[in-house]
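Raw contents of final_39.cif, mmCIF, C-alpha atoms:
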data_run
#
loop_
_atom_site.group_PDB
_atom_site.id
_atom_site.type_symbol
_atom_site.label_atom_id
_atom_site.label_comp_id
_atom_site.auth_asym_id
_atom_site.auth_seq_id
_atom_site.Cartn_x
_atom_site.Cartn_y
_atom_site.Cartn_z
ATOM 1 C CA MET A 1 5.101 37.149 71.105
ATOM 2 C CA SER A 2 1.343 37.634 70.937
ATOM 3 C CA GLU A 3 -0.955 34.946 69.554
ATOM 4 C CA GLN A 4 -1.790 37.169 66.592
ATOM 5 C CA SER A 5 1.909 37.630 65.816
ATOM 6 C CA MET A 6 2.480 33.867 65.996
ATOM 7 C CA ILE A 7 -0.354 33.257 63.527
ATOM 8 C CA GLN A 8 1.028 35.905 61.166
ATOM 9 C CA ARG A 9 4.491 34.367 61.370
ATOM 10 C CA ALA A 10 3.129 30.891 60.678
ATOM 11 C CA MET A 11 1.172 32.153 57.666
ATOM 12 C CA ALA A 12 4.290 33.875 56.324
ATOM 13 C CA CYS A 13 6.243 30.620 56.648
ATOM 14 C CA ILE A 14 3.551 28.778 54.692
ATOM 15 C CA ARG A 15 3.523 31.388 51.920
ATOM 16 C CA GLU A 16 7.305 31.447 51.644
ATOM 17 C CA GLY A 17 7.779 27.690 51.855
ATOM 18 C CA ARG A 18 9.892 27.891 55.027
ATOM 19 C CA LEU A 19 8.078 25.203 56.991
ATOM 20 C CA PRO A 20 10.133 22.345 58.490
ATOM 21 C CA GLY A 21 10.056 19.223 56.320
ATOM 22 C CA ARG A 22 8.010 17.150 58.774
ATOM 23 C CA VAL A 23 5.391 19.914 59.073
ATOM 24 C CA GLN A 24 5.205 20.352 55.311
ATOM 25 C CA ALA A 25 4.814 16.600 54.840
ATOM 26 C CA LYS A 26 1.998 16.474 57.397
ATOM 27 C CA LEU A 27 0.178 19.374 55.726
ATOM 28 C CA GLU A 28 0.497 17.697 52.339
ATOM 29 C CA ALA A 29 -0.812 14.409 53.753
ATOM 30 C CA MET A 30 -3.802 16.232 55.255
ATOM 31 C CA THR A 31 -4.475 17.946 51.934
ATOM 32 C CA ASP A 32 -4.284 14.633 50.074
ATOM 33 C CA ALA A 33 -6.653 12.932 52.520
ATOM 34 C CA ARG A 34 -9.180 15.759 52.222
ATOM 35 C CA ASN A 35 -9.022 15.903 48.420
ATOM 36 C CA GLU A 36 -9.159 12.122 48.008
ATOM 37 C CA LYS A 37 -12.711 12.411 49.358
ATOM 38 C CA LYS A 38 -13.637 15.794 47.881
ATOM 39 C CA TYR A 39 -13.092 15.221 44.162
ATOM 40 C CA PRO A 40 -14.590 11.719 43.765
ATOM 41 C CA ALA A 41 -17.697 13.032 45.514
ATOM 42 C CA MET A 42 -17.743 16.007 43.142
ATOM 43 C CA THR A 43 -17.410 13.695 40.137
ATOM 44 C CA ALA A 44 -20.264 11.504 41.378
ATOM 45 C CA ARG A 45 -22.564 14.508 41.780
ATOM 46 C CA LEU A 46 -21.724 15.788 38.302
ATOM 47 C CA MET A 47 -22.325 12.375 36.761
ATOM 48 C CA GLU A 48 -25.794 12.235 38.268
ATOM 49 C CA GLY A 49 -26.636 15.414 36.401
ATOM 50 C CA ILE A 50 -25.395 14.400 32.948
ATOM 51 C CA GLN A 51 -26.106 10.672 32.619
ATOM 52 C CA SER A 52 -29.628 11.257 31.364
ATOM 53 C CA LEU A 53 -28.600 13.802 28.727
ATOM 54 C CA PRO A 54 -29.041 12.646 25.098
ATOM 55 C CA GLU A 55 -25.490 13.651 24.175
ATOM 56 C CA TYR A 56 -24.137 11.506 27.014
ATOM 57 C CA ARG A 57 -26.139 8.496 25.850
ATOM 58 C CA GLU A 58 -24.844 9.083 22.333
ATOM 59 C CA VAL A 59 -21.179 9.073 23.323
ATOM 60 C CA GLU A 60 -21.746 6.044 25.577
ATOM 61 C CA SER A 61 -23.254 4.118 22.663
ATOM 62 C CA TYR A 62 -20.445 5.257 20.378
ATOM 63 C CA CYS A 63 -17.836 3.953 22.816
ATOM 64 C CA ARG A 64 -19.584 0.586 23.163
ATOM 65 C CA ASP A 65 -19.604 0.216 19.381
ATOM 66 C CA ALA A 66 -15.923 1.186 19.259
ATOM 67 C CA LEU A 67 -14.994 -1.497 21.795
ATOM 68 C CA ALA A 68 -16.865 -4.133 19.764
ATOM 69 C CA ILE A 69 -14.972 -3.050 16.652
ATOM 70 C CA GLY A 70 -11.686 -3.051 18.514
ATOM 71 C CA ARG A 71 -12.147 -6.597 19.760
ATOM 72 C CA ASN A 72 -12.066 -7.713 16.111
ATOM 73 C CA THR A 73 -8.764 -5.914 15.478
ATOM 74 C CA ASP A 74 -5.575 -7.966 15.365
ATOM 75 C CA LEU A 75 -3.287 -6.634 18.102
ATOM 76 C CA SER A 76 -1.100 -9.726 18.328
ATOM 77 C CA GLY A 77 2.167 -9.052 20.109
ATOM 78 C CA ILE A 78 1.109 -5.606 21.324
ATOM 79 C CA HIS A 79 1.221 -5.364 25.089
ATOM 80 C CA PHE A 80 1.940 -2.943 27.903
ATOM 81 C CA GLY A 81 5.635 -2.405 28.574
ATOM 82 C CA GLY A 82 8.880 -3.320 26.826
ATOM 83 C CA ARG A 83 9.531 -6.053 24.288
ATOM 84 C CA ASP A 84 11.712 -7.888 26.835
ATOM 85 C CA TRP A 85 8.886 -8.304 29.331
ATOM 86 C CA LYS A 86 8.285 -11.946 28.363
ATOM 87 C CA GLU A 87 11.901 -12.812 29.184
ATOM 88 C CA LYS A 88 11.485 -11.038 32.506
ATOM 89 C CA GLY A 89 8.338 -13.000 33.315
ATOM 90 C CA LEU A 90 6.156 -9.875 33.206
ATOM 91 C CA PRO A 91 2.578 -9.770 31.793
ATOM 92 C CA THR A 92 2.402 -9.715 27.996
ATOM 93 C CA GLU A 93 -1.335 -10.020 27.325
ATOM 94 C CA THR A 94 -2.970 -7.226 25.349
ATOM 95 C CA PRO A 95 -4.805 -4.892 27.766
ATOM 96 C CA PRO A 96 -8.545 -4.501 27.087
ATOM 97 C CA TYR A 97 -8.216 -0.737 26.678
ATOM 98 C CA TYR A 98 -5.824 -1.247 23.741
ATOM 99 C CA PHE A 99 -8.727 -2.839 21.846
ATOM 100 C CA PHE A 100 -10.844 0.164 22.776
ATOM 101 C CA LEU A 101 -8.197 2.549 21.424
ATOM 102 C CA ALA A 102 -8.004 0.576 18.194
ATOM 103 C CA GLY A 103 -11.779 0.542 17.913
ATOM 104 C CA MET A 104 -12.100 4.272 18.494
ATOM 105 C CA ALA A 105 -9.487 4.983 15.841
ATOM 106 C CA ARG A 106 -11.287 2.714 13.391
ATOM 107 C CA LYS A 107 -14.831 3.875 14.147
ATOM 108 C CA CYS A 108 -14.077 7.588 13.856
ATOM 109 C CA GLY A 109 -11.963 7.066 10.730
ATOM 110 C CA ALA A 110 -8.936 8.631 12.387
ATOM 111 C CA LYS A 111 -5.976 9.320 10.108
ATOM 112 C CA LYS A 112 -4.417 12.203 12.019
ATOM 113 C CA ILE A 113 -3.686 11.271 15.627
ATOM 114 C CA LEU A 114 -1.685 12.911 18.404
ATOM 115 C CA GLU A 115 -0.620 10.895 21.440
ATOM 116 C CA VAL A 116 1.039 12.463 24.480
ATOM 117 C CA GLY A 117 2.884 9.818 26.499
ATOM 118 C CA THR A 118 4.636 7.173 24.371
ATOM 119 C CA TRP A 119 6.468 5.036 26.937
ATOM 120 C CA TYR A 120 7.102 1.677 25.177
ATOM 121 C CA GLY A 121 4.600 2.366 22.399
ATOM 122 C CA GLY A 122 1.895 -0.199 23.120
ATOM 123 C CA SER A 123 -1.020 2.216 22.953
ATOM 124 C CA THR A 124 0.629 3.959 19.991
ATOM 125 C CA ARG A 125 0.655 0.755 17.969
ATOM 126 C CA ALA A 126 -2.905 -0.103 19.042
ATOM 127 C CA LEU A 127 -4.114 3.259 17.744
ATOM 128 C CA TRP A 128 -2.162 2.761 14.507
ATOM 129 C CA CYS A 129 -3.646 -0.707 13.956
ATOM 130 C CA GLY A 130 -7.158 0.629 14.341
ATOM 131 C CA ALA A 131 -6.521 3.628 12.105
ATOM 132 C CA ASN A 132 -4.838 1.445 9.467
ATOM 133 C CA GLN A 133 -7.959 -0.639 8.845
ATOM 134 C CA GLY A 134 -9.747 0.136 5.594
ATOM 135 C CA GLY A 135 -8.852 2.535 2.805
ATOM 136 C CA THR A 136 -5.495 3.218 1.203
ATOM 137 C CA GLU A 137 -4.479 6.267 3.267
ATOM 138 C CA LYS A 138 -2.000 5.410 5.993
ATOM 139 C CA PRO A 139 -2.469 7.004 9.414
ATOM 140 C CA HIS A 140 -0.238 9.890 10.459
ATOM 141 C CA LEU A 141 0.394 9.446 14.167
ATOM 142 C CA ILE A 142 2.625 11.763 16.199
ATOM 143 C CA THR A 143 3.598 10.538 19.679
ATOM 144 C CA VAL A 144 5.276 12.797 22.241
ATOM 145 C CA ASP A 145 7.379 11.835 25.246
ATOM 146 C CA LEU A 146 10.345 13.099 27.227
ATOM 147 C CA GLU A 147 12.292 9.892 26.559
ATOM 148 C CA ASN A 148 12.720 7.237 23.872
ATOM 149 C CA PHE A 149 12.457 3.863 25.619
ATOM 150 C CA ASP A 150 12.731 1.708 22.458
ATOM 151 C CA ASP A 151 14.292 2.892 19.202
ATOM 152 C CA ALA A 152 13.012 0.077 17.016
ATOM 153 C CA VAL A 153 9.484 -0.523 18.292
ATOM 154 C CA PHE A 154 7.850 1.423 15.423
ATOM 155 C CA ASN A 155 9.968 0.021 12.599
ATOM 156 C CA ASP A 156 7.041 -1.898 11.095
ATOM 157 C CA TYR A 157 4.518 0.913 11.545
ATOM 158 C CA PRO A 158 4.845 3.487 8.749
ATOM 159 C CA GLY A 159 3.392 6.858 9.621
ATOM 160 C CA ILE A 160 4.312 6.886 13.320
ATOM 161 C CA GLU A 161 6.666 9.726 14.253
ATOM 162 C CA ARG A 162 8.258 10.494 17.594
ATOM 163 C CA VAL A 163 8.692 13.936 19.075
ATOM 164 C CA LEU A 164 10.957 14.034 22.118
ATOM 165 C CA GLY A 165 10.397 16.820 24.605
ATOM 166 C CA ASP A 166 8.030 18.380 27.115
ATOM 167 C CA ALA A 167 4.603 18.373 25.450
ATOM 168 C CA LEU A 168 3.887 21.871 26.773
ATOM 169 C CA SER A 169 7.180 23.552 25.907
ATOM 170 C CA LYS A 170 6.980 26.062 23.056
ATOM 171 C CA GLU A 171 9.574 24.146 21.060
ATOM 172 C CA THR A 172 7.645 20.870 21.281
ATOM 173 C CA VAL A 173 4.265 22.476 20.585
ATOM 174 C CA ASP A 174 5.679 24.208 17.499
ATOM 175 C CA ARG A 175 7.221 20.959 16.226
ATOM 176 C CA VAL A 176 3.956 19.050 16.670
ATOM 177 C CA LEU A 177 1.839 21.710 14.987
ATOM 178 C CA GLU A 178 4.221 21.812 12.027
ATOM 179 C CA LYS A 179 3.684 18.085 11.451
ATOM 180 C CA PHE A 180 -0.090 18.352 11.097
ATOM 181 C CA ASP A 181 -1.832 20.075 8.241
ATOM 182 C CA GLY A 182 -4.836 21.591 10.002
ATOM 183 C CA GLU A 183 -7.203 19.780 12.347
ATOM 184 C CA ILE A 184 -6.759 16.231 13.671
ATOM 185 C CA ASP A 185 -9.124 13.370 14.337
ATOM 186 C CA LEU A 186 -8.039 12.144 17.755
ATOM 187 C CA LEU A 187 -5.986 13.319 20.740
ATOM 188 C CA TYR A 188 -4.910 10.660 23.251
ATOM 189 C CA MET A 189 -3.515 11.882 26.578
ATOM 190 C CA ASP A 190 -1.478 9.422 28.667
ATOM 191 C CA GLY A 191 1.473 11.487 29.853
ATOM 192 C CA ASP A 192 1.949 13.428 33.060
ATOM 193 C CA HIS A 193 -0.771 12.348 35.497
ATOM 194 C CA ARG A 194 -1.059 15.663 37.287
ATOM 195 C CA TYR A 195 -3.781 18.283 37.045
ATOM 196 C CA GLU A 196 -1.940 21.224 35.505
ATOM 197 C CA PRO A 197 -0.008 19.417 32.730
ATOM 198 C CA THR A 198 -3.017 17.312 31.724
ATOM 199 C CA ARG A 199 -5.313 20.314 31.539
ATOM 200 C CA GLY A 200 -2.588 22.225 29.688
ATOM 201 C CA VAL A 201 -2.275 19.550 27.004
ATOM 202 C CA VAL A 202 -6.027 19.465 26.387
ATOM 203 C CA GLU A 203 -6.246 23.247 26.180
ATOM 204 C CA VAL A 204 -3.146 23.863 24.060
ATOM 205 C CA TYR A 205 -3.526 21.047 21.549
ATOM 206 C CA GLY A 206 -7.309 21.053 21.667
ATOM 207 C CA ASN A 207 -7.531 24.703 20.696
ATOM 208 C CA ALA A 208 -4.713 24.450 18.148
ATOM 209 C CA LEU A 209 -5.686 21.191 16.426
ATOM 210 C CA LYS A 210 -9.439 20.884 17.135
ATOM 211 C CA PRO A 211 -9.532 17.077 17.553
ATOM 212 C CA LYS A 212 -12.865 15.379 16.939
ATOM 213 C CA TRP A 213 -12.279 13.018 19.858
ATOM 214 C CA VAL A 214 -10.181 13.311 23.019
ATOM 215 C CA ILE A 215 -9.254 10.262 25.118
ATOM 216 C CA LEU A 216 -7.850 10.751 28.632
ATOM 217 C CA ASP A 217 -6.175 7.879 30.432
ATOM 218 C CA ASP A 218 -6.198 7.409 34.222
ATOM 219 C CA VAL A 219 -8.750 10.087 35.120
ATOM 220 C CA HIS A 220 -9.209 8.509 38.572
ATOM 221 C CA TYR A 221 -5.512 7.801 39.140
ATOM 222 C CA ARG A 222 -5.331 10.051 42.220
ATOM 223 C CA TRP A 223 -7.090 13.168 43.442
ATOM 224 C CA THR A 224 -5.242 15.532 41.098
ATOM 225 C CA MET A 225 -6.569 13.607 38.090
ATOM 226 C CA GLU A 226 -9.980 13.230 39.743
ATOM 227 C CA LYS A 227 -10.038 17.011 40.034
ATOM 228 C CA PHE A 228 -9.145 17.294 36.360
ATOM 229 C CA TRP A 229 -11.937 14.881 35.417
ATOM 230 C CA ALA A 230 -14.454 16.783 37.563
ATOM 231 C CA HIS A 231 -13.477 20.001 35.785
ATOM 232 C CA THR A 232 -13.745 18.177 32.458
ATOM 233 C CA LEU A 233 -17.321 17.196 33.283
ATOM 234 C CA MET A 234 -18.061 20.775 34.308
ATOM 235 C CA THR A 235 -16.606 22.092 31.041
ATOM 236 C CA PHE A 236 -17.911 19.549 28.511
ATOM 237 C CA GLY A 237 -20.966 18.161 30.304
ATOM 238 C CA GLY A 238 -22.703 15.279 28.552
ATOM 239 C CA HIS A 239 -20.038 15.144 25.841
ATOM 240 C CA ALA A 240 -17.707 13.470 28.384
ATOM 241 C CA TYR A 241 -17.918 9.771 29.260
ATOM 242 C CA ASP A 242 -15.815 7.500 31.507
ATOM 243 C CA ALA A 243 -15.282 4.475 29.276
ATOM 244 C CA GLY A 244 -12.860 2.896 31.721
ATOM 245 C CA THR A 245 -15.532 2.444 34.347
ATOM 246 C CA GLY A 246 -18.534 2.189 32.022
ATOM 247 C CA LEU A 247 -16.984 -0.470 29.778
ATOM 248 C CA ASP A 248 -14.668 -2.064 32.362
ATOM 249 C CA ILE A 249 -11.584 -1.872 30.154
ATOM 250 C CA ARG A 250 -8.836 -1.026 32.611
ATOM 251 C CA CYS A 251 -7.264 -4.483 32.764
ATOM 252 C CA GLY A 252 -8.021 -5.123 36.430
ATOM 253 C CA GLU A 253 -6.884 -1.652 37.522
ATOM 254 C CA LYS A 254 -10.198 -0.948 39.198
ATOM 255 C CA GLY A 255 -11.199 2.675 39.228
ATOM 256 C CA GLN A 256 -8.404 4.108 37.072
ATOM 257 C CA GLY A 257 -10.845 5.546 34.586
ATOM 258 C CA PHE A 258 -10.592 6.225 30.867
ATOM 259 C CA GLY A 259 -12.233 9.491 29.899
ATOM 260 C CA VAL A 260 -13.597 10.218 26.440
ATOM 261 C CA ILE A 261 -14.716 13.606 25.095
ATOM 262 C CA ASP A 262 -16.888 13.756 21.996
ATOM 263 C CA ALA A 263 -15.426 16.988 20.639
ATOM 264 C CA ARG A 264 -17.020 16.946 17.185
ATOM 265 C CA SER A 265 -19.155 19.967 18.035
ATOM 266 C CA ILE A 266 -16.636 21.643 20.376
ATOM 267 C CA ARG A 267 -14.512 24.525 19.119
ATOM 268 C CA ASP A 268 -13.240 25.937 22.416
ATOM 269 C CA PHE A 269 -11.279 23.628 24.705
ATOM 270 C CA THR A 270 -10.568 26.232 27.375
ATOM 271 C CA TYR A 271 -11.488 25.262 30.941
ATOM 272 C CA ARG A 272 -13.433 27.949 32.766
ATOM 273 C CA MET A 273 -12.659 27.245 36.397
ATOM 274 C CA ASN A 274 -9.714 28.045 38.591
ATOM 275 C CA PRO A 275 -7.059 25.325 38.822
#
Rewrite the structure of this file - the entire thing - as structure tokens.
Amino acid sequence: MSEQSMIQRAMACIREGRLPGRVQAKLEAMTDARNEKKYPAMTARLMEGIQSLPEYREVESYCRDALAIGRNTDLSGIHFGGRDWKEKGLPTETPPYYFFLAGMARKCGAKKILEVGTWYGGSTRALWCGANQGGTEKPHLITVDLENFDDAVFNDYPGIERVLGDALSKETVDRVLEKFDGEIDLLYMDGDHRYEPTRGVVEVYGNALKPKWVILDDVHYRWTMEKFWAHTLMTFGGHAYDAGTGLDIRCGEKGQGFGVIDARSIRDFTYRMNP
């Protein structure tokens, strides 16, 4: 077999997914190693270009004010993980970013909130507590997840509704949209930490519900999320701010990131680069 034929055969195997497992694993490891350097560097370059923009300074100041407000919000008993964590000897302090979520909900006057990624409902309750401060109108908070990890966790939080299902399936999207009457105040994304689903949630629900603010957890979690955050900076420019790093609110998880998009003037949430 000629060298050219061998190359063509190898390329066909790659396209058709017929590579031996050990070869596929090595290729994936090489791709990960390359991208773990590529996308953080891209993010750093983009940040250099937007940090001096007035809109960036505005959202940074807004987030600092929100954190100060959140620190004065009572989040007693609200922590990361299940209610049985104390019995298991697991951490039960309130994470700093929960206070930020509460503060953002309070500062922007959020009453209509969509969260994607419920888990045990800690962030859900933090958002509710912030949104429930002031006024007589109770917050309407929809939280979406594939599973229900705790049936009773929202019993004392009127206005929180669960939707079980894939956030990007037509059935789930239709159910969520039916529960909101028009535009919402805040979209919080803490579900699938991969590029395609995260981008899909922002595009689908952003364009359908036109949130005023979008909060994105774990934007530096691994290179797929770093890629998503780089594309977010490319799409929204100075309206995007990394509060996790800027405000140091990731509870010791250095570098995880906590992206915020000031979407008050944004009407199109469609990303304009290839995945």
Please write as a count of residues only the full residue list that the PyMOL selection byres ((chain A and resi 90-105) around 6) yields on this file. 23
Choose the residue, out of A:Gly259, A:Thr224, A:Thr31, A:Val219, that has the smallest atom-to-atom separation from Leu247 in chain A; count all atoms listed in the file.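 Of A:Gly259, A:Thr224, A:Thr31, A:Val219, the one nearest Leu247 in chain A, counting all atoms listed in the file, is A:Gly259.
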Tell me which protein, DNA and RNA residues are within 7 Å of Lys210 in chain A, counting all atoms listed in the file, leaving out same-chain ones fewer than 6 positions away, and put them as a PyMOL selection string. chain A and resi 183-184+267
Could you tell me which residues the PyMOL selection byres ((chain A and resi 150-162) around 8) grabs in this file, written as a list in words?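 On the file shown, the PyMOL selection byres ((chain A and resi 150-162) around 8) covers Gly82, Tyr120, Gly121, Arg125, Trp128, Lys138, Pro139, His140, Leu141, Ile142, Thr143, Val144, Asp145, Asn148, Phe149, Val163 and Leu164 of chain A.
Summary of the local environment: counting all atoms listed in the file, residues at most 6 Å from range 185-192 of chain A, other than itself and those fewer than 2 positions away along its chain, are A:Ala110, A:Lys112, A:Ile113, A:Leu114, A:Glu115, A:Val116, A:Gly117, A:Arg194, A:Pro211, A:Lys212, A:Trp213, A:Val214, A:Ile215, A:Leu216, A:Asp217.
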From the set A:Asp65, A:Ile266, A:Asn72, A:Tyr271, which residue has the shortest atom-to-atom contact distance to Leu233 in chain A, counting all atoms listed in the file?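 Comparing A:Asp65, A:Ile266, A:Asn72, A:Tyr271 against Leu233 in chain A, the winner is A:Tyr271.
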Length of the CA of Val176 in chain A to CA of Phe258 in chain A vector [Å]: 24.0 Å
What is the CA of Asp218 in chain A to CA of Val201 in chain A distance in Å?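 Computing the Euclidean distance for CA of Asp218 in chain A and CA of Val201 in chain A yields 14.7 Å.
From CA of Glu196 in chain A back to CA of Ser169 in chain A, the distance works out to 13.4 Å.
Between His193 in chain A and the residues A:Tyr241, A:Tyr56, A:Phe180, A:Trp229, the shortest atom-to-atom distance, using only C-alpha atoms, involves A:Trp229.
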Show me the residues around (-14.4, 23.9, 34.2) - criterion: an atom at most 7 Å away, only C-alpha atoms counted - as a PyMOL selection string. chain A and resi 231-232+234-235+271-273
I'd like the box whose edges run along x, y and z of the file and which contains every listed atom of range 107-111 of chain A, padded by 6 Å per side; could you state its centre and edge lengths in Å, one decimal, as lines of an AutoDock Vina configuration file?
center_x = -10.4
center_y = 6.6
center_z = 12.1
size_x = 20.9
size_y = 17.4
size_z = 16.0
Using all atoms listed in the file, which of A:Arg199, A:His239, A:His220, A:Arg83 sits nearest Asn274 in chain A? A:Arg199
